[in-house]
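The structure file protein16.cif is reproduced below (mmCIF, C-alpha atoms).
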data_start
#
loop_
_atom_site.label_atom_id
_atom_site.label_comp_id
_atom_site.auth_asym_id
_atom_site.auth_seq_id
_atom_site.Cartn_x
_atom_site.Cartn_y
_atom_site.Cartn_z
CA MET L 30 28.62 41.40 46.11
CA SER L 31 31.86 41.38 44.15
CA ASP L 32 32.26 45.13 44.36
CA PRO L 33 33.65 46.10 47.78
CA VAL L 34 32.64 49.75 47.55
CA PRO L 35 28.83 49.87 47.87
CA ARG L 36 27.57 49.33 51.37
CA ARG L 37 24.32 47.43 51.54
CA ARG L 38 21.95 47.43 54.43
CA GLY L 39 19.38 44.65 54.75
CA ARG L 40 17.89 42.64 51.91
CA ARG L 41 17.39 43.95 48.41
CA PRO L 42 13.77 44.90 47.92
CA ALA L 43 13.84 45.72 44.25
CA GLY L 44 16.85 44.01 42.71
CA GLU L 45 19.83 45.19 40.77
CA ASP L 46 17.77 47.07 38.21
CA THR L 47 16.61 49.59 40.78
CA ARG L 48 20.08 49.99 42.17
CA GLY L 49 21.52 50.43 38.67
CA ALA L 50 18.80 52.93 37.83
CA ILE L 51 19.69 54.96 40.92
CA VAL L 52 23.38 54.98 39.99
CA ALA L 53 22.63 55.98 36.40
CA ALA L 54 20.29 58.74 37.58
CA ALA L 55 22.95 59.90 40.05
CA ARG L 56 25.47 60.37 37.23
CA THR L 57 23.02 62.64 35.45
CA VAL L 58 22.24 64.60 38.61
CA PHE L 59 25.90 65.06 39.58
CA ALA L 60 26.74 66.23 36.04
CA ALA L 61 23.80 68.65 35.97
CA LYS L 62 24.04 70.08 39.49
CA GLY L 63 27.57 69.32 40.63
CA TYR L 64 28.36 67.44 43.81
CA GLU L 65 27.48 70.19 46.30
CA ALA L 66 23.95 70.87 45.07
CA ALA L 67 23.01 67.25 44.40
CA THR L 68 20.79 65.62 47.03
CA MET L 69 19.65 62.10 47.82
CA ARG L 70 16.09 63.30 47.23
CA GLY L 71 16.98 64.74 43.82
CA ILE L 72 18.68 61.50 42.82
CA ALA L 73 15.61 59.55 43.89
CA ARG L 74 13.40 61.85 41.86
CA ALA L 75 15.61 61.46 38.78
CA ALA L 76 15.56 57.68 39.20
CA GLY L 77 11.80 57.64 39.71
CA VAL L 78 12.03 55.87 43.06
CA ASP L 79 11.16 56.63 46.65
CA PRO L 80 13.97 58.47 48.49
CA ARG L 81 13.92 55.74 51.16
CA LEU L 82 15.07 53.30 48.49
CA VAL L 83 18.16 55.44 47.76
CA HIS L 84 18.92 55.51 51.49
CA HIS L 85 18.40 51.78 51.60
CA TYR L 86 21.17 51.19 49.08
CA PHE L 87 23.55 54.00 49.98
CA ALA L 88 24.67 55.47 53.28
CA GLY L 89 24.79 58.95 51.78
CA LYS L 90 25.59 61.16 48.82
CA GLU L 91 29.28 60.39 49.07
CA ASP L 92 28.60 56.67 48.64
CA VAL L 93 26.41 57.27 45.61
CA PHE L 94 29.14 59.40 44.01
CA VAL L 95 31.87 56.87 44.78
CA GLU L 96 29.89 54.15 43.03
CA ALA L 97 28.62 56.30 40.17
CA MET L 98 32.13 57.56 39.33
CA GLN L 99 33.88 54.31 40.28
CA PHE L 100 36.02 56.31 42.66
CA PRO L 101 38.44 53.88 44.31
CA ILE L 102 38.00 54.98 47.92
CA ARG L 103 35.29 56.14 50.24
CA PRO L 104 36.94 59.23 51.70
CA ALA L 105 34.90 59.04 54.90
CA GLN L 106 36.37 55.63 55.60
CA VAL L 107 40.04 56.21 54.76
CA ILE L 108 40.71 59.95 55.13
CA GLY L 109 39.35 60.07 58.66
CA PRO L 110 41.74 57.44 60.05
CA ALA L 111 44.65 59.06 58.17
CA VAL L 112 44.12 62.54 59.60
CA GLU L 113 42.96 61.41 63.04
CA PRO L 114 46.43 61.07 64.66
CA GLY L 115 47.24 64.70 63.76
CA PRO L 116 49.64 66.47 61.41
CA GLU L 117 52.71 64.48 62.46
CA GLY L 118 53.33 61.78 59.85
CA LEU L 119 50.22 62.78 57.91
CA GLY L 120 52.23 63.14 54.68
CA GLU L 121 53.23 59.50 54.72
CA ARG L 122 49.77 58.29 55.69
CA MET L 123 48.23 60.24 52.79
CA VAL L 124 50.72 58.83 50.28
CA ARG L 125 50.00 55.31 51.54
CA VAL L 126 46.24 55.83 51.23
CA PHE L 127 46.86 56.96 47.65
CA PHE L 128 48.83 53.89 46.62
CA ALA L 129 46.49 51.52 48.46
CA ALA L 130 43.63 53.00 46.44
CA TRP L 131 45.20 53.14 42.99
CA ASP L 132 48.02 50.59 42.86
CA GLY L 133 45.99 47.64 41.64
CA PRO L 134 44.90 46.02 38.39
CA ASP L 135 42.24 47.68 36.26
CA GLN L 136 42.68 51.01 38.01
CA ARG L 137 44.19 52.74 34.99
CA GLU L 138 40.81 52.91 33.22
CA ARG L 139 39.18 54.51 36.24
CA ILE L 140 41.88 57.15 36.50
CA VAL L 141 41.71 57.89 32.79
CA ALA L 142 37.91 58.18 32.97
CA LEU L 143 38.10 60.64 35.86
CA LEU L 144 40.86 62.77 34.30
CA VAL L 145 39.26 62.84 30.85
CA SER L 146 35.82 63.60 32.23
CA ALA L 147 37.25 66.51 34.21
CA ALA L 148 39.36 67.73 31.28
CA THR L 149 36.74 67.57 28.56
CA SER L 150 33.56 68.92 30.15
CA PRO L 151 32.82 71.72 32.59
CA GLU L 152 30.29 69.44 34.28
CA GLY L 153 32.88 66.70 34.73
CA ALA L 154 35.34 69.22 36.12
CA ARG L 155 32.82 70.70 38.53
CA MET L 156 31.57 67.48 40.04
CA LEU L 157 35.06 66.05 40.54
CA ARG L 158 36.31 69.38 41.92
CA GLU L 159 33.42 69.72 44.38
CA PHE L 160 33.69 66.11 45.50
CA VAL L 161 37.46 66.25 46.06
CA VAL L 162 37.30 69.63 47.81
CA ARG L 163 34.43 68.59 50.09
CA GLU L 164 35.16 64.98 50.91
CA ILE L 165 38.96 64.73 50.66
CA LEU L 166 40.67 68.13 50.92
CA GLY L 167 38.08 69.45 53.37
CA ARG L 168 38.92 66.70 55.82
CA VAL L 169 42.66 67.36 55.48
CA VAL L 170 42.63 71.17 55.43
CA GLU L 171 41.12 71.42 58.90
CA ARG L 172 44.13 69.52 60.28
CA ILE L 173 46.76 71.72 58.58
CA PRO L 174 48.25 74.37 60.86
CA GLY L 175 49.43 77.77 59.64
CA PRO L 176 48.37 80.10 56.84
CA ASP L 177 46.86 79.12 53.49
CA PRO L 178 46.02 75.52 54.45
CA ALA L 179 43.80 75.04 51.38
CA LEU L 180 46.55 76.21 49.03
CA ARG L 181 49.05 73.85 50.62
CA ALA L 182 46.61 70.91 50.69
CA GLU L 183 45.96 71.40 46.98
CA LEU L 184 49.66 71.47 46.12
CA ALA L 185 50.03 68.19 48.03
CA ALA L 186 47.09 66.80 46.04
CA ALA L 187 48.68 68.12 42.83
CA GLN L 188 51.82 66.14 43.60
CA MET L 189 49.83 62.92 43.80
CA ILE L 190 47.63 63.68 40.76
CA GLY L 191 50.82 64.16 38.74
CA VAL L 192 52.19 60.88 40.04
CA ALA L 193 48.95 59.17 38.97
CA PHE L 194 49.31 60.67 35.50
CA ILE L 195 52.96 59.63 35.11
CA ARG L 196 52.71 56.21 36.77
CA TYR L 197 49.34 54.91 35.65
CA VAL L 198 48.22 56.93 32.63
CA VAL L 199 51.38 57.61 30.60
CA GLY L 200 53.66 55.00 32.17
CA VAL L 201 56.93 56.93 32.36
CA GLU L 202 59.85 54.89 33.69
CA PRO L 203 61.28 54.65 36.30
CA VAL L 204 58.23 56.00 38.20
CA ALA L 205 55.88 53.54 36.47
CA SER L 206 57.73 50.51 37.89
CA ALA L 207 59.08 51.92 41.16
CA SER L 208 57.91 50.16 44.30
CA PRO L 209 55.24 51.94 46.31
CA ASP L 210 57.62 51.91 49.30
CA ARG L 211 60.33 53.75 47.37
CA LEU L 212 57.80 56.29 46.15
CA VAL L 213 56.46 56.75 49.67
CA GLU L 214 60.01 57.42 50.82
CA LEU L 215 60.43 60.21 48.25
CA LEU L 216 56.91 61.65 48.30
CA ALA L 217 56.02 61.58 52.01
CA PRO L 218 58.46 64.40 52.92
CA THR L 219 57.01 66.55 50.10
CA LEU L 220 53.48 66.19 51.42
CA GLN L 221 54.64 66.56 55.02
CA ARG L 222 56.39 69.78 54.11
CA TYR L 223 53.17 71.21 52.68
CA ILE L 224 51.33 70.14 55.84
CA THR L 225 53.72 71.19 58.60
CA GLY L 226 56.91 72.47 56.97
CA ASP L 227 57.89 76.10 57.02
CA VAL L 228 56.51 76.68 53.58
CA ALA L 229 54.11 79.50 54.35
CA ALA L 230 56.85 82.10 54.38
CA GLY L 231 58.59 80.48 51.43
CA ALA L 232 61.61 80.01 53.64
CA GLY L 233 62.34 76.50 52.44
CA PRO L 234 61.99 73.14 54.09
CA ASP L 235 61.87 72.82 57.84
CA PRO L 236 63.70 69.78 59.12
CA ALA L 237 61.66 69.88 62.31
CA ALA L 238 58.67 68.92 60.20
CA ASN L 239 60.19 65.52 59.59
CA ALA L 240 58.81 62.81 61.84
CA ASP L 241 62.23 61.13 62.01
CA SER L 242 63.97 64.06 63.63
CA MET V 29 54.42 85.30 11.35
CA SER V 30 52.07 85.59 14.30
CA ASP V 31 53.17 82.31 15.83
CA PRO V 32 56.40 82.79 17.76
CA VAL V 33 57.27 79.13 17.97
CA PRO V 34 58.32 78.03 14.47
CA ARG V 35 61.73 79.25 13.42
CA ARG V 36 61.96 80.17 9.79
CA ARG V 37 65.10 80.44 7.78
CA GLY V 38 65.12 82.34 4.50
CA ARG V 39 62.17 82.95 2.22
CA ARG V 40 59.29 80.56 1.83
CA PRO V 41 59.71 78.57 -1.36
CA ALA V 42 56.42 76.72 -1.37
CA GLY V 43 53.99 78.67 0.78
CA GLU V 44 51.92 77.81 3.82
CA ASP V 45 50.32 74.78 2.22
CA THR V 46 53.62 72.95 2.16
CA ARG V 47 54.41 73.93 5.70
CA GLY V 48 50.95 72.86 6.84
CA ALA V 49 51.30 69.58 4.99
CA ILE V 50 54.59 68.92 6.77
CA VAL V 51 53.05 69.60 10.18
CA ALA V 52 50.04 67.39 9.42
CA ALA V 53 52.30 64.61 8.18
CA ALA V 54 54.47 64.99 11.27
CA ARG V 55 51.47 64.39 13.56
CA THR V 56 50.82 61.11 11.75
CA VAL V 57 54.47 60.08 11.92
CA PHE V 58 54.83 60.93 15.63
CA ALA V 59 51.65 59.02 16.44
CA ALA V 60 52.73 55.99 14.40
CA LYS V 61 56.39 55.81 15.42
CA GLY V 62 56.65 57.80 18.62
CA TYR V 63 59.04 60.69 19.11
CA GLU V 64 62.26 58.69 19.35
CA ALA V 65 61.91 56.76 16.11
CA ALA V 66 60.50 59.61 14.03
CA THR V 67 62.97 61.30 11.67
CA MET V 68 63.01 64.45 9.59
CA ARG V 69 63.41 62.23 6.53
CA GLY V 70 60.39 60.11 7.50
CA ILE V 71 58.30 63.22 8.02
CA ALA V 72 59.35 64.51 4.59
CA ARG V 73 58.42 61.20 3.00
CA ALA V 74 55.00 61.20 4.70
CA ALA V 75 54.43 64.77 3.51
CA GLY V 76 55.60 63.95 -0.02
CA VAL V 77 58.26 66.67 -0.01
CA ASP V 78 62.03 66.82 -0.27
CA PRO V 79 63.72 66.44 3.15
CA ARG V 80 65.55 69.72 2.52
CA LEU V 81 62.19 71.47 2.61
CA VAL V 82 61.50 70.13 6.13
CA HIS V 83 64.92 71.36 7.22
CA HIS V 84 64.15 74.68 5.57
CA TYR V 85 61.10 75.21 7.77
CA PHE V 86 62.25 73.55 10.99
CA ALA V 87 65.56 73.50 12.82
CA GLY V 88 65.02 69.88 13.85
CA LYS V 89 62.63 67.20 15.00
CA GLU V 90 62.00 68.98 18.31
CA ASP V 91 60.75 72.06 16.46
CA VAL V 92 58.42 70.01 14.29
CA PHE V 93 56.97 68.31 17.36
CA VAL V 94 56.54 71.59 19.25
CA GLU V 95 54.54 73.02 16.37
CA ALA V 96 52.61 69.85 15.55
CA MET V 97 51.52 69.38 19.18
CA GLN V 98 51.24 73.09 19.95
CA PHE V 99 53.65 72.56 22.81
CA PRO V 100 54.14 75.93 24.52
CA ILE V 101 57.92 75.91 24.79
CA ARG V 102 60.91 74.82 22.78
CA PRO V 103 62.81 72.88 25.45
CA ALA V 104 66.17 73.48 23.74
CA GLN V 105 65.66 77.22 24.17
CA VAL V 106 64.37 77.40 27.75
CA ILE V 107 65.56 74.26 29.55
CA GLY V 108 69.18 74.87 28.64
CA PRO V 109 69.38 78.34 30.23
CA ALA V 110 67.50 77.06 33.31
CA VAL V 111 69.88 74.16 34.01
CA GLU V 112 73.07 75.94 32.88
CA PRO V 113 73.87 77.66 36.22
CA GLY V 114 73.84 74.28 37.99
CA PRO V 115 71.64 72.58 40.59
CA GLU V 116 71.58 75.54 43.00
CA GLY V 117 68.28 77.38 42.52
CA LEU V 118 67.25 75.05 39.69
CA GLY V 119 63.94 74.27 41.41
CA GLU V 120 62.84 77.88 41.27
CA ARG V 121 64.05 78.35 37.70
CA MET V 122 62.08 75.29 36.56
CA VAL V 123 58.90 76.48 38.26
CA ARG V 124 59.30 79.90 36.62
CA VAL V 125 59.80 78.33 33.18
CA PHE V 126 56.60 76.37 33.78
CA PHE V 127 54.46 79.40 34.63
CA ALA V 128 56.00 81.50 31.84
CA ALA V 129 54.98 78.77 29.40
CA TRP V 130 51.47 78.00 30.61
CA ASP V 131 50.16 81.03 32.50
CA GLY V 132 48.58 82.82 29.57
CA PRO V 133 45.28 83.03 27.74
CA ASP V 134 44.20 80.19 25.50
CA GLN V 135 46.65 77.77 27.11
CA ARG V 136 43.97 75.66 28.77
CA GLU V 137 42.95 74.10 25.46
CA ARG V 138 46.52 73.11 24.69
CA ILE V 139 46.98 71.49 28.09
CA VAL V 140 43.68 69.63 27.79
CA ALA V 141 44.61 68.43 24.29
CA LEU V 142 47.97 67.10 25.50
CA LEU V 143 46.57 65.42 28.62
CA VAL V 144 43.59 63.87 26.81
CA SER V 145 45.72 62.68 23.90
CA ALA V 146 48.12 61.00 26.35
CA ALA V 147 45.28 59.56 28.44
CA THR V 148 43.12 58.18 25.65
CA SER V 149 45.54 56.59 23.19
CA PRO V 150 48.73 54.56 23.58
CA GLU V 151 50.17 56.48 20.63
CA GLY V 152 49.44 59.82 22.28
CA ALA V 153 50.97 58.59 25.53
CA ARG V 154 54.09 57.29 23.81
CA MET V 155 54.89 60.38 21.78
CA LEU V 156 54.37 62.75 24.70
CA ARG V 157 56.34 60.47 27.03
CA GLU V 158 59.26 60.13 24.63
CA PHE V 159 59.34 63.85 23.88
CA VAL V 160 59.23 64.89 27.55
CA VAL V 161 61.81 62.29 28.61
CA ARG V 162 64.20 63.16 25.78
CA GLU V 163 63.89 66.92 25.45
CA ILE V 164 62.91 68.08 28.95
CA LEU V 165 63.75 65.50 31.63
CA GLY V 166 66.88 64.35 29.81
CA ARG V 167 68.33 67.84 30.00
CA VAL V 168 67.51 68.12 33.71
CA VAL V 169 68.47 64.62 34.84
CA GLU V 170 72.11 65.05 33.82
CA ARG V 171 72.38 67.99 36.22
CA ILE V 172 70.88 66.17 39.22
CA PRO V 173 73.47 64.80 41.65
CA GLY V 174 73.00 61.66 43.70
CA PRO V 175 71.14 58.39 43.14
CA ASP V 176 67.99 57.86 41.08
CA PRO V 177 68.09 61.24 39.29
CA ALA V 178 65.45 60.16 36.74
CA LEU V 179 63.05 59.09 39.49
CA ARG V 180 63.48 62.40 41.28
CA ALA V 181 63.21 64.47 38.09
CA GLU V 182 59.94 62.72 37.28
CA LEU V 183 58.47 63.37 40.73
CA ALA V 184 59.35 67.04 40.25
CA ALA V 185 57.62 66.94 36.85
CA ALA V 186 54.65 65.17 38.47
CA GLN V 187 54.30 68.06 40.92
CA MET V 188 53.99 70.53 38.05
CA ILE V 189 51.71 68.33 35.92
CA GLY V 190 49.36 68.11 38.91
CA VAL V 191 49.47 71.89 39.33
CA ALA V 192 48.59 72.26 35.63
CA PHE V 193 45.64 69.93 36.11
CA ILE V 194 44.33 71.71 39.22
CA ARG V 195 45.04 75.28 38.10
CA TYR V 196 44.24 75.24 34.39
CA VAL V 197 42.10 72.19 33.67
CA VAL V 198 39.80 71.77 36.68
CA GLY V 199 40.19 75.23 38.20
CA VAL V 200 40.30 74.40 41.90
CA GLU V 201 40.50 77.44 44.17
CA PRO V 202 42.66 78.82 45.69
CA VAL V 203 45.36 77.37 43.40
CA ALA V 204 43.50 78.49 40.26
CA SER V 205 43.70 82.17 41.23
CA ALA V 206 46.93 82.23 43.24
CA SER V 207 49.65 84.50 41.89
CA PRO V 208 52.51 82.77 40.07
CA ASP V 209 54.90 84.35 42.61
CA ARG V 210 53.08 82.79 45.55
CA LEU V 211 53.05 79.43 43.83
CA VAL V 212 56.75 79.73 43.00
CA GLU V 213 57.38 80.39 46.69
CA LEU V 214 55.61 77.19 47.69
CA LEU V 215 56.66 74.95 44.81
CA ALA V 216 60.32 75.89 44.28
CA PRO V 217 61.49 74.23 47.55
CA THR V 218 59.64 71.03 46.56
CA LEU V 219 61.43 70.83 43.21
CA GLN V 220 64.73 71.90 44.77
CA ARG V 221 64.42 69.13 47.33
CA TYR V 222 64.01 66.54 44.59
CA ILE V 223 67.04 67.99 42.80
CA THR V 224 69.51 68.52 45.64
CA GLY V 225 67.76 67.69 48.92
CA ASP V 226 68.59 64.66 50.97
CA VAL V 227 65.73 62.69 49.51
CA ALA V 228 67.63 59.70 48.24
CA ALA V 229 67.77 58.10 51.65
CA GLY V 230 64.24 59.21 52.47
CA ALA V 231 65.68 61.16 55.38
CA GLY V 232 63.52 64.21 54.85
CA PRO V 233 64.23 67.70 53.64
CA ASP V 234 67.73 69.10 53.66
CA PRO V 235 67.81 72.77 54.58
CA ALA V 236 71.20 73.13 52.90
CA ALA V 237 69.41 72.54 49.61
CA ASN V 238 67.67 75.87 49.91
CA ALA V 239 69.34 78.61 47.92
CA ASP V 240 68.42 81.19 50.56
CA SER V 241 70.34 79.55 53.37
#

Starting from the coordinates I provided, produce the structure as structure tokens.
Amino acid sequence: MSDPVPRRRGRRPAGEDTRGAIVAAARTVFAAKGYEAATMRGIARAAGVDPRLVHHYFAGKEDVFVEAMQFPIRPAQVIGPAVEPGPEGLGERMVRVFFAAWDGPDQRERIVALLVSAATSPEGARMLREFVVREILGRVVERIPGPDPALRAELAAAQMIGVAFIRYVVGVEPVASASPDRLVELLAPTLQRYITGDVAAGAGPDPAANADS
Amino acid sequence: MSDPVPRRRGRRPAGEDTRGAIVAAARTVFAAKGYEAATMRGIARAAGVDPRLVHHYFAGKEDVFVEAMQFPIRPAQVIGPAVEPGPEGLGERMVRVFFAAWDGPDQRERIVALLVSAATSPEGARMLREFVVREILGRVVERIPGPDPALRAELAAAQMIGVAFIRYVVGVEPVASASPDRLVELLAPTLQRYITGDVAAGAGPDPAANADS
């Protein structure tokens, strides 16, 4: 019960071993098939358990992935509320979700594991790519007005991936020790500009995109 | 002579073995001491050669590092010309330097090697961090007006590191296949805003920072 991520429903019928076996099997399935093609049924088959048992432990494929990869957020739970109010102020809400997820102890190892897995194996790259595109960017892209929303959403994501690399992985000062609030102040307008700024025509920043104006 | 990066002066007195031994020794020295504390003399000692021989093959420590780490640019040669004309338009010039350096065949392996080395060992992180701060960011920071120039230079660098990760390492579409020109169009205003935009007060983008206006 110490891990806040997995959602449990009802009592445990088969103990931690079954749950652990499902998670281990899920890692193999995600690596072999990617995130898109993986199914709850396939994970159950790989774990040698009844599919109902997988559904007993996990609300869905996203939850299995989040636990198997130790991903720090459940996108369904945090991306939805962030995009719900609309494009206005979305840049700041996304930056805050990012720091709430990653700015804690013991997160460096998780980030390193994700980056290295994606960098060193095609399977690692594919499953992370498909998960991020489907569960995170997909939810944001549909709220971005104007042309090339996927391109702009990915450049916003790139900004935050780079911050993760500099702040948590390599530890470059002053970013490594800057307060989240100061970083939000600098980064939120960048993300907001990708979301609602006049960037599609390459005409430079649009002050009207700023929530303060 | 096929590698454009190392600068040679005069004839080779001791052949490729000596040169290779210097590069191999340099990797050990950079890993052990970091970039800042490493010296041409220390590299010579580790390679068991006269320091004059290291100076014969390499113009300086930066050149040894660039070759030892297969870094795609010599910062002294490309960062200088980019920052020389001043802050105006610097965002676009930096983005173009980035794509000129990385947007070629066989670059993915180099990027992966750099990222994984930095992510998986403190020594790898330190030498890359010290090299980038000293030879790249250091040259840019001194041209950035206003408060917190290092913080803003690093967030600009973070944007491009994230693009490298998405475009070259993980291959997320549409960024992976977008033309460099289109990406320059979208990214240059982001970097320019960190360099000259009204970001210090968190007041949002400053249209006056755009070179087109």

Q | Nearest-residue call for Glu138 (chain L), choices L:Met189, L:Arg181, L:Leu119, L:Phe194, using all atoms listed in the file | A | L:Phe194

Can you tell me, as an mmCIF file with C-alpha atoms, in the coordinates of the input, what residues are no more than 12 Å from Ala55 (chain L) when counting all atoms listed in the file, ignoring any on the same chain fewer than 5 positions away?
data_model
loop_
_atom_site.group_PDB
_atom_site.id
_atom_site.type_symbol
_atom_site.label_atom_id
_atom_site.label_comp_id
_atom_site.auth_asym_id
_atom_site.auth_seq_id
_atom_site.Cartn_x
_atom_site.Cartn_y
_atom_site.Cartn_z
ATOM 1 C CA ARG L 48 20.080 49.990 42.170
ATOM 2 C CA GLY L 49 21.520 50.430 38.670
ATOM 3 C CA ALA L 50 18.800 52.930 37.830
ATOM 4 C CA ALA L 60 26.740 66.230 36.040
ATOM 5 C CA ALA L 61 23.800 68.650 35.970
ATOM 6 C CA LYS L 62 24.040 70.080 39.490
ATOM 7 C CA GLY L 63 27.570 69.320 40.630
ATOM 8 C CA TYR L 64 28.360 67.440 43.810
ATOM 9 C CA ALA L 67 23.010 67.250 44.400
ATOM 10 C CA THR L 68 20.790 65.620 47.030
ATOM 11 C CA MET L 69 19.650 62.100 47.820
ATOM 12 C CA ARG L 70 16.090 63.300 47.230
ATOM 13 C CA GLY L 71 16.980 64.740 43.820
ATOM 14 C CA ILE L 72 18.680 61.500 42.820
ATOM 15 C CA ALA L 73 15.610 59.550 43.890
ATOM 16 C CA ARG L 74 13.400 61.850 41.860
ATOM 17 C CA ALA L 75 15.610 61.460 38.780
ATOM 18 C CA ALA L 76 15.560 57.680 39.200
ATOM 19 C CA GLY L 77 11.800 57.640 39.710
ATOM 20 C CA VAL L 83 18.160 55.440 47.760
ATOM 21 C CA PHE L 87 23.550 54.000 49.980
ATOM 22 C CA GLY L 89 24.790 58.950 51.780
ATOM 23 C CA LYS L 90 25.590 61.160 48.820
ATOM 24 C CA GLU L 91 29.280 60.390 49.070
ATOM 25 C CA ASP L 92 28.600 56.670 48.640
ATOM 26 C CA VAL L 93 26.410 57.270 45.610
ATOM 27 C CA PHE L 94 29.140 59.400 44.010
ATOM 28 C CA VAL L 95 31.870 56.870 44.780
ATOM 29 C CA GLU L 96 29.890 54.150 43.030
ATOM 30 C CA ALA L 97 28.620 56.300 40.170
ATOM 31 C CA MET L 98 32.130 57.560 39.330
ATOM 32 C CA MET L 156 31.570 67.480 40.040
#

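Proximity to Pro100 (chain V) was assessed for V:Phe58, V:Phe159, V:Tyr222, V:Phe126 counting only C-alpha atoms; the smallest distance is recorded for V:Phe126.
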
Q | Nearest residue to chain L from the set V:Arg80, V:Arg221, V:Arg171, V:Arg102 (distances using only C-alpha atoms) | A | V:Arg221

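Of the listed residues L:Asp177, L:Asp135, L:Glu117, L:Glu65, the one whose atoms come nearest to chain V is L:Asp177, with distances taken using only C-alpha atoms.
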
(Q) From the options V:Val106, V:Val77, V:Val197, V:Ala181, which residue's atoms come nearest to chain L, counting all atoms listed in the file? (A) V:Val197

**Q.** Exercise: Leu184 (chain L) partners within 12 Å, all atoms listed in the file, chain neighbours under 2 positions left out, as a VMD selection string
**A.** (chain L and resid 166 170 177 to 182 186 to 191 219 to 224 228) or (chain V and resid 186 to 195 200 to 204 206 210 to 216 218)

Suppose we keep C-alpha atoms; can you now write the selection as a JSON list (two decimals), in the coordinates of the input?
[["chain", "number", "residue", "atom", "x", "y", "z"],
["L", 166, "LEU", "CA", 40.67, 68.13, 50.92],
["L", 170, "VAL", "CA", 42.63, 71.17, 55.43],
["L", 177, "ASP", "CA", 46.86, 79.12, 53.49],
["L", 178, "PRO", "CA", 46.02, 75.52, 54.45],
["L", 179, "ALA", "CA", 43.80, 75.04, 51.38],
["L", 180, "LEU", "CA", 46.55, 76.21, 49.03],
["L", 181, "ARG", "CA", 49.05, 73.85, 50.62],
["L", 182, "ALA", "CA", 46.61, 70.91, 50.69],
["L", 186, "ALA", "CA", 47.09, 66.80, 46.04],
["L", 187, "ALA", "CA", 48.68, 68.12, 42.83],
["L", 188, "GLN", "CA", 51.82, 66.14, 43.60],
["L", 189, "MET", "CA", 49.83, 62.92, 43.80],
["L", 190, "ILE", "CA", 47.63, 63.68, 40.76],
["L", 191, "GLY", "CA", 50.82, 64.16, 38.74],
["L", 219, "THR", "CA", 57.01, 66.55, 50.10],
["L", 220, "LEU", "CA", 53.48, 66.19, 51.42],
["L", 221, "GLN", "CA", 54.64, 66.56, 55.02],
["L", 222, "ARG", "CA", 56.39, 69.78, 54.11],
["L", 223, "TYR", "CA", 53.17, 71.21, 52.68],
["L", 224, "ILE", "CA", 51.33, 70.14, 55.84],
["L", 228, "VAL", "CA", 56.51, 76.68, 53.58],
["V", 186, "ALA", "CA", 54.65, 65.17, 38.47],
["V", 187, "GLN", "CA", 54.30, 68.06, 40.92],
["V", 188, "MET", "CA", 53.99, 70.53, 38.05],
["V", 189, "ILE", "CA", 51.71, 68.33, 35.92],
["V", 190, "GLY", "CA", 49.36, 68.11, 38.91],
["V", 191, "VAL", "CA", 49.47, 71.89, 39.33],
["V", 192, "ALA", "CA", 48.59, 72.26, 35.63],
["V", 193, "PHE", "CA", 45.64, 69.93, 36.11],
["V", 194, "ILE", "CA", 44.33, 71.71, 39.22],
["V", 195, "ARG", "CA", 45.04, 75.28, 38.10],
["V", 200, "VAL", "CA", 40.30, 74.40, 41.90],
["V", 201, "GLU", "CA", 40.50, 77.44, 44.17],
["V", 202, "PRO", "CA", 42.66, 78.82, 45.69],
["V", 203, "VAL", "CA", 45.36, 77.37, 43.40],
["V", 204, "ALA", "CA", 43.50, 78.49, 40.26],
["V", 206, "ALA", "CA", 46.93, 82.23, 43.24],
["V", 210, "ARG", "CA", 53.08, 82.79, 45.55],
["V", 211, "LEU", "CA", 53.05, 79.43, 43.83],
["V", 212, "VAL", "CA", 56.75, 79.73, 43.00],
["V", 213, "GLU", "CA", 57.38, 80.39, 46.69],
["V", 214, "LEU", "CA", 55.61, 77.19, 47.69],
["V", 215, "LEU", "CA", 56.66, 74.95, 44.81],
["V", 216, "ALA", "CA", 60.32, 75.89, 44.28],
["V", 218, "THR", "CA", 59.64, 71.03, 46.56]]

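Comparing L:Val58, L:Glu183, L:Glu171, L:Ala53 by their smallest distance to Pro116 (chain L), the closest is L:Glu171 (using only C-alpha atoms).
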
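One finds CA of Glu163 (chain V) at 21.0 Å from CA of Ile50 (chain V).
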
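Picked by the PyMOL selection byres ((chain L and resi 168) around 10) from the coordinates shown: Pro104, Ala105, Ile108, Gly109, Ala111, Val112, Glu113, Val161, Val162, Arg163, Glu164, Ile165, Leu166, Gly167, Val169, Val170, Glu171, Arg172 and Ile173 of chain L.
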
Q. Separation of CA of Val199 (chain L) and CA of Arg157 (chain V), in Å?
A. 6.7 Å

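The spacing separating CA of Trp131 (chain L) from CA of Ala185 (chain L) amounts to 16.6 Å.
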